[in-house]
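Asker: mmCIF, C-alpha atoms, saved as my_file_11.cif, coming up:
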data_query
#
loop_
_atom_site.label_atom_id
_atom_site.label_comp_id
_atom_site.auth_asym_id
_atom_site.auth_seq_id
_atom_site.Cartn_x
_atom_site.Cartn_y
_atom_site.Cartn_z
CA PHE K 1 128.15 50.21 51.58
CA TYR K 2 129.02 46.65 50.53
CA VAL K 3 126.60 45.18 53.08
CA GLN K 4 123.82 47.46 51.89
CA THR K 5 124.53 46.57 48.25
CA PHE K 6 124.49 42.83 49.09
CA ARG K 7 121.15 43.15 50.86
CA SER K 8 119.67 45.10 47.95
CA THR K 9 120.88 42.48 45.49
CA MET K 10 119.47 39.59 47.56
CA THR K 11 116.15 41.38 47.94
CA SER K 12 115.82 41.89 44.21
CA LEU K 13 116.72 38.26 43.45
CA PHE K 14 114.74 36.67 46.31
CA PRO K 15 111.92 38.98 47.41
CA GLY K 16 110.91 36.67 50.29
CA VAL K 17 114.30 36.83 52.00
CA ALA K 18 113.89 40.30 53.46
CA ALA K 19 110.46 39.51 54.86
CA ALA K 20 111.61 36.24 56.40
CA GLY K 21 114.66 37.77 58.04
CA GLY K 22 113.10 41.00 59.19
CA GLY K 23 111.81 39.64 62.50
CA GLY K 24 115.21 38.44 63.67
CA SER K 25 114.07 34.91 64.59
CA GLY K 26 114.44 33.44 61.09
CA ALA K 27 111.45 31.13 61.67
CA ALA K 28 109.01 30.60 58.82
CA PRO K 29 105.43 31.63 59.57
CA ALA K 30 103.31 28.70 60.80
CA THR K 31 100.78 27.25 58.39
CA ALA K 32 97.32 27.02 59.91
CA GLU K 33 95.78 23.55 60.10
CA PRO K 34 92.60 23.17 58.04
CA ALA K 35 89.51 23.44 60.19
CA ASP K 36 87.60 20.24 60.99
CA ASP K 37 84.13 20.97 59.67
CA GLY K 38 82.72 17.78 61.18
CA LYS K 39 81.08 16.78 57.91
CA MET K 40 79.94 13.16 57.67
CA VAL K 41 80.55 11.28 54.44
CA ASP K 42 79.64 7.95 52.89
CA LEU K 43 82.33 5.53 54.12
CA THR K 44 81.84 2.91 51.38
CA ARG K 45 85.11 3.81 49.65
CA MET K 46 86.98 3.24 52.94
CA ILE K 47 85.81 -0.36 53.39
CA ASP K 48 88.60 -2.95 53.33
CA ASN K 49 86.83 -5.60 51.27
CA LYS K 50 89.37 -8.37 51.83
CA GLU K 51 88.84 -8.17 55.60
CA CYS K 52 85.03 -8.30 55.44
CA TYR K 53 83.01 -11.47 55.92
CA ALA K 54 79.49 -12.75 56.47
CA ARG K 55 78.18 -15.79 58.32
CA ASN K 56 75.12 -17.72 57.14
CA GLU K 57 74.81 -15.72 53.92
CA ALA K 58 72.99 -17.31 50.97
CA PRO K 59 75.46 -18.13 48.16
CA GLY K 60 73.34 -16.32 45.59
CA PHE K 61 72.96 -13.19 47.72
CA PRO K 62 76.37 -12.34 49.22
CA MET K 63 77.16 -9.37 51.45
CA THR K 64 79.03 -7.60 48.64
CA ASN K 65 75.68 -7.00 46.92
CA LEU K 66 74.78 -4.51 49.65
CA PHE K 67 77.16 -1.91 48.23
CA ILE K 68 76.31 -2.00 44.52
CA GLY K 69 73.16 0.11 44.68
CA ASP K 70 70.61 -2.44 43.42
CA THR K 71 68.19 -3.57 46.13
CA ARG K 72 66.88 -6.41 43.92
CA LEU K 73 70.16 -8.24 44.54
CA GLY K 74 71.08 -7.48 48.15
CA CYS K 75 72.07 -9.98 50.81
CA LYS K 76 70.07 -12.84 52.32
CA SER K 77 70.63 -15.30 55.13
CA ASP K 78 70.72 -18.98 54.28
CA ALA K 79 69.72 -21.63 56.85
CA ASP K 80 67.57 -19.42 59.08
CA GLU K 81 66.80 -15.77 59.81
CA GLN K 82 70.08 -14.98 61.57
CA LEU K 83 72.94 -13.30 59.75
CA ILE K 84 76.30 -11.78 60.69
CA LEU K 85 77.88 -9.04 58.57
CA HIS K 86 81.41 -7.90 59.42
CA ILE K 87 82.64 -4.65 57.86
CA SER K 88 86.29 -3.65 58.17
CA PHE K 89 87.72 -0.24 57.30
CA GLN K 90 91.06 0.73 55.77
CA GLU K 91 91.64 3.12 58.67
CA PHE K 92 90.01 4.13 61.93
CA VAL K 93 86.77 6.04 61.47
CA LYS K 94 84.14 7.79 63.54
CA LEU K 95 80.85 6.11 62.73
CA HIS K 96 77.92 8.50 62.97
CA SER K 97 74.92 6.85 61.30
CA LEU K 98 73.84 4.07 58.97
CA LYS K 99 71.17 3.30 56.42
CA PHE K 100 69.67 -0.16 56.00
CA THR K 101 67.51 -0.49 52.89
CA GLU K 102 64.81 -3.13 52.44
CA PHE K 103 65.30 -5.90 49.90
CA ASN K 104 63.69 -5.33 46.48
CA GLN K 105 61.54 -2.40 47.63
CA GLY K 106 59.94 -4.46 50.40
CA LEU K 107 58.57 -7.19 48.14
CA ASN K 108 58.80 -9.67 51.04
CA PRO K 109 58.36 -7.54 54.17
CA GLU K 110 58.47 -10.57 56.48
CA GLU K 111 62.18 -10.89 55.60
CA ASN K 112 63.00 -7.41 56.91
CA PRO K 113 65.44 -7.47 59.85
CA SER K 114 63.70 -6.36 63.03
CA ARG K 115 66.48 -6.59 65.65
CA VAL K 116 70.13 -5.87 64.88
CA HIS K 117 72.99 -5.90 67.39
CA ILE K 118 76.07 -3.82 66.55
CA TYR K 119 79.58 -4.63 67.80
CA VAL K 120 82.63 -2.39 67.42
CA ASN K 121 86.15 -3.74 66.87
CA ARG K 122 85.22 -7.38 67.43
CA GLU K 123 87.11 -9.67 65.08
CA ASN K 124 85.92 -13.16 64.05
CA LEU K 125 82.63 -12.85 65.90
CA GLY K 126 80.47 -15.96 65.56
CA PHE K 127 76.87 -16.68 66.49
CA GLU K 128 77.92 -18.40 69.71
CA ASP K 129 79.92 -15.29 70.70
CA CYS K 130 76.95 -12.96 70.35
CA ASP K 131 75.33 -14.52 73.43
CA ASP K 132 78.39 -13.74 75.55
CA VAL K 133 79.43 -10.30 74.26
CA ASP K 134 77.45 -7.16 75.02
CA PRO K 135 76.65 -5.20 71.85
CA THR K 136 77.76 -1.61 71.47
CA GLN K 137 74.22 -0.76 70.41
CA THR K 138 71.01 -2.60 69.51
CA LEU K 139 68.54 -1.41 66.89
CA ASP K 140 64.88 -2.38 66.77
CA LEU K 141 63.80 -1.70 63.20
CA THR K 142 60.41 -1.09 61.63
CA ALA K 143 59.40 -1.36 57.99
CA ALA K 144 59.45 2.45 57.83
CA ASP K 145 63.11 2.52 58.95
CA LEU K 146 64.08 0.32 56.01
CA ARG K 147 62.35 2.19 53.22
CA GLU K 148 64.63 3.68 50.61
CA SER K 149 63.29 7.15 51.38
CA ALA K 150 63.89 6.83 55.15
CA ASP K 151 66.55 8.89 56.90
CA ALA K 152 69.76 7.32 58.13
CA ILE K 153 69.66 5.97 61.68
CA HIS K 154 71.86 7.91 64.09
CA LEU K 155 74.11 5.86 66.34
CA LYS K 156 75.30 6.62 69.87
CA PHE K 157 78.17 8.61 68.41
CA VAL K 158 80.24 8.69 71.60
CA LYS K 159 80.55 4.88 71.40
CA PHE K 160 81.70 4.89 67.78
CA GLN K 161 84.65 7.28 67.94
CA ARG K 162 87.45 4.92 66.91
CA VAL K 163 86.05 2.16 64.73
CA ARG K 164 88.34 -0.25 62.90
CA SER K 165 85.53 -2.70 62.19
CA VAL K 166 81.83 -3.01 62.84
CA THR K 167 79.84 -6.24 63.05
CA PHE K 168 76.08 -6.50 62.58
CA PHE K 169 74.22 -9.47 64.04
CA ILE K 170 70.72 -9.73 62.60
CA GLU K 171 69.07 -11.69 65.37
CA ASP K 172 65.46 -11.62 64.21
CA ASN K 173 63.19 -10.49 61.40
CA ALA K 174 59.51 -9.75 60.79
CA GLY K 175 58.53 -13.41 60.59
CA GLY K 176 60.23 -14.82 57.49
CA ASP K 177 62.26 -17.99 57.17
CA VAL K 178 65.28 -15.93 56.10
CA SER K 179 66.37 -12.31 56.49
CA ALA K 180 67.12 -10.00 53.58
CA LEU K 181 68.65 -6.56 53.08
CA GLY K 182 68.78 -4.56 49.88
CA GLY K 183 71.52 -2.11 50.79
CA LEU K 184 73.75 -0.72 53.51
CA LYS K 185 75.35 2.71 53.83
CA LEU K 186 77.66 3.82 56.63
CA TYR K 187 78.26 7.49 57.37
CA GLY K 188 81.05 9.11 59.37
CA ARG K 189 84.57 10.37 58.84
CA PRO K 190 88.18 9.25 59.27
CA VAL K 191 89.78 9.65 62.68
CA ALA K 192 93.14 10.46 61.06
CA THR K 193 94.97 10.01 57.78
CA THR K 194 96.70 6.77 58.80
CA ASN K 195 96.05 4.00 56.28
CA MET K 196 95.91 0.72 58.17
CA SER K 197 97.26 -1.32 55.23
CA GLU K 198 100.35 0.88 55.09
CA PHE K 199 100.66 0.70 58.88
CA LYS K 200 100.70 -3.11 58.75
CA LYS K 201 103.43 -3.06 56.10
CA LYS K 202 105.65 -0.84 58.24
CA THR K 203 105.20 -2.98 61.34
#
Would you write out, as structure tokens, the structure that this file holds?

Answerer:
Amino acid sequence: FYVQTFRSTMTSLFPGVAAAGGGGSGAAPATAEPADDGKMVDLTRMIDNKECYARNEAPGFPMTNLFIGDTRLGCKSDADEQLILHISFQEFVKLHSLKFTEFNQGLNPEENPSRVHIYVNRENLGFEDCDDVDPTQTLDLTAADLRESADAIHLKFVKFQRVRSVTFFIEDNAGGDVSALGGLKLYGRPVATTNMSEFKKKT
């Protein structure tokens, strides 16, 4: 009688107790992991700005201009047509595609990059290194690829599954003395929820 009364009292005070204990194991039901929908997103917010750099950029047209949404500013090379852009992320990502946009709506089409080599997880890459290191992928671009209305360029996704940083080496352009880009968008998704800045602090 006393046991039954105790159980009735506990059930009225804590309705979940009876359900949790009814199976005998006492284990709480497992919470299902959210499904991975595979959706690709703009990775701009995940860029670690303090770890990014450019080589041979014109002082008046730095790499940071590529992410502000105004192609009239953009980024230009300085001494010649070659340019290195190094983008670092706050955490590992899967890089699916990218969008290069022409400078100032193609006002000077000869400055459009025509050949771009892409390197994954290569830190402090210089021009002299690009001759000795095989790129992860090479893009041969046309004027149509760089138009603002053009679709993003799909990468060889299997080679971009765990990207901490990506380096672009603009080797050549359409005939100009310097190379110019109006914008850059990177699309993909995080590999996990680990924030690399927090990871560095802990280690």

Asker: Between CA of Ser149 in chain K and CA of Ser179 in chain K, measure the distance and give it in Å to one decimal.

Answerer: 20.4 Å

Asker: Just checking: using all atoms listed in the file, which residue out of K:Ala174, K:Leu73, K:Ile68, K:Met46 ends up closest to Asp140 in chain K?

Answerer: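 Among the listed residues, K:Ala174 lies closest to Asp140 in chain K.
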
Asker: Find the distance between CA of Asn56 in chain K and CA of Lys159 in chain K and write it in Å to one decimal.

Answerer: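 Separation between CA of Asn56 in chain K and CA of Lys159 in chain K: 27.3 Å.
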
Asker: Apply the PyMOL selection byres ((chain K and resi 148) around 10) to the displayed file and report the matching residues as JSON, numbers by chain.

Answerer: {"K": [71, 99, 100, 101, 102, 103, 104, 105, 106, 144, 145, 146, 147, 149, 150, 151, 152, 182, 183]}

Asker: Take the point (74.5, 3.0, 68.1) in the file's coordinates, draw a sphere of radius 6 Å around it, and report as a list in words every protein, DNA or RNA residue with an atom inside or on it, counting only C-alpha atoms.

Answerer: Gln137, Leu155 and Lys156 of chain K

Asker: Distance CA of Gln90 in chain K-CA of Arg115 in chain K, one decimal place?

Answerer: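 Rounded to one decimal, the two atoms are 27.5 Å apart.
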
Asker: Taking only C-alpha atoms into account, name the residue in K:Ala58, K:Leu139, K:Val120, K:Ile47 that is nearest to Ala79 in chain K.

Answerer: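 Going through K:Ala58, K:Leu139, K:Val120, K:Ile47 one by one, the smallest distance to Ala79 in chain K is for K:Ala58.
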
Asker: Measuring atom to atom with all atoms listed in the file, identify which of K:Cys75, K:His96, K:Phe168, K:Phe157 is nearest to His117 in chain K.

Answerer: K:Phe168

Asker: Using all atoms listed in the file, can you tell me which of K:Ile87, K:Leu141, K:Leu107, K:Val166 comes closest to Arg72 in chain K?

Answerer: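 Using all atoms listed in the file, Arg72 in chain K sits closest to K:Leu107.
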
Asker: Quick one: which residues end up in the PyMOL selection byres ((chain K and resi 81) around 6) for this structure, as a PyMOL selection string?

Answerer: chain K and resi 80+82+177-179

Asker: Within 6 Å of Tyr119 in chain K, counting only C-alpha atoms, which residues show up once you throw out same-chain ones fewer than 2 positions away? Write them as a list in words, please.

Answerer: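 The contact residues come out as Pro135, Thr136, Val166 and Thr167 of chain K.
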
Asker: Identify, on the basis of all atoms listed in the file, every residue whose closest approach to Asn124 in chain K does not exceed 12 Å; exclude the query and any residue fewer than 5 positions from it along the same chain; express the result as JSON, numbers by chain.

Answerer: {"K": [51, 52, 53, 54, 55, 84, 85, 86, 87, 88, 119, 129, 130, 165, 166, 167, 168]}

Asker: Residue by residue, what does the PyMOL selection byres ((chain K and resi 60) around 12) grab here? Present the result as a PDB file with C-alpha atoms, in the frame of the given file.

Answerer:
ATOM      1  CA  ASN K  56      75.120 -17.720  57.140  1.00  0.00           C
ATOM      2  CA  GLU K  57      74.810 -15.720  53.920  1.00  0.00           C
ATOM      3  CA  ALA K  58      72.990 -17.310  50.970  1.00  0.00           C
ATOM      4  CA  PRO K  59      75.460 -18.130  48.160  1.00  0.00           C
ATOM      5  CA  PHE K  61      72.960 -13.190  47.720  1.00  0.00           C
ATOM      6  CA  PRO K  62      76.370 -12.340  49.220  1.00  0.00           C
ATOM      7  CA  MET K  63      77.160  -9.370  51.450  1.00  0.00           C
ATOM      8  CA  THR K  64      79.030  -7.600  48.640  1.00  0.00           C
ATOM      9  CA  ASN K  65      75.680  -7.000  46.920  1.00  0.00           C
ATOM     10  CA  ARG K  72      66.880  -6.410  43.920  1.00  0.00           C
ATOM     11  CA  LEU K  73      70.160  -8.240  44.540  1.00  0.00           C
ATOM     12  CA  GLY K  74      71.080  -7.480  48.150  1.00  0.00           C
ATOM     13  CA  CYS K  75      72.070  -9.980  50.810  1.00  0.00           C
ATOM     14  CA  LYS K  76      70.070 -12.840  52.320  1.00  0.00           C
ATOM     15  CA  SER K  77      70.630 -15.300  55.130  1.00  0.00           C
ATOM     16  CA  ASP K  78      70.720 -18.980  54.280  1.00  0.00           C
ATOM     17  CA  ALA K 180      67.120 -10.000  53.580  1.00  0.00           C
TER      18      ALA K 180
END

Asker: Which residue gives the smallest distance to Lys94 in chain K among K:Val163, K:Leu181, K:Ala192, K:Ile170, with only C-alpha atoms counted?

Answerer: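 That would be K:Val163, the residue with the smallest distance to Lys94 in chain K.
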
Asker: Can you list, as a PDB file with C-alpha atoms, keeping the file's coordinate frame, every protein, DNA or RNA residue that comes within 6 Å of Asn173 in chain K when you count all atoms listed in the file, leaving out same-chain residues fewer than 2 positions away?

Answerer:
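The new file part-v1.pdb reads:
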ATOM      1  CA  GLU K 111      62.180 -10.890  55.600  1.00  0.00           C
ATOM      2  CA  ASN K 112      63.000  -7.410  56.910  1.00  0.00           C
ATOM      3  CA  PRO K 113      65.440  -7.470  59.850  1.00  0.00           C
ATOM      4  CA  SER K 114      63.700  -6.360  63.030  1.00  0.00           C
ATOM      5  CA  GLY K 175      58.530 -13.410  60.590  1.00  0.00           C
TER       6      GLY K 175
END
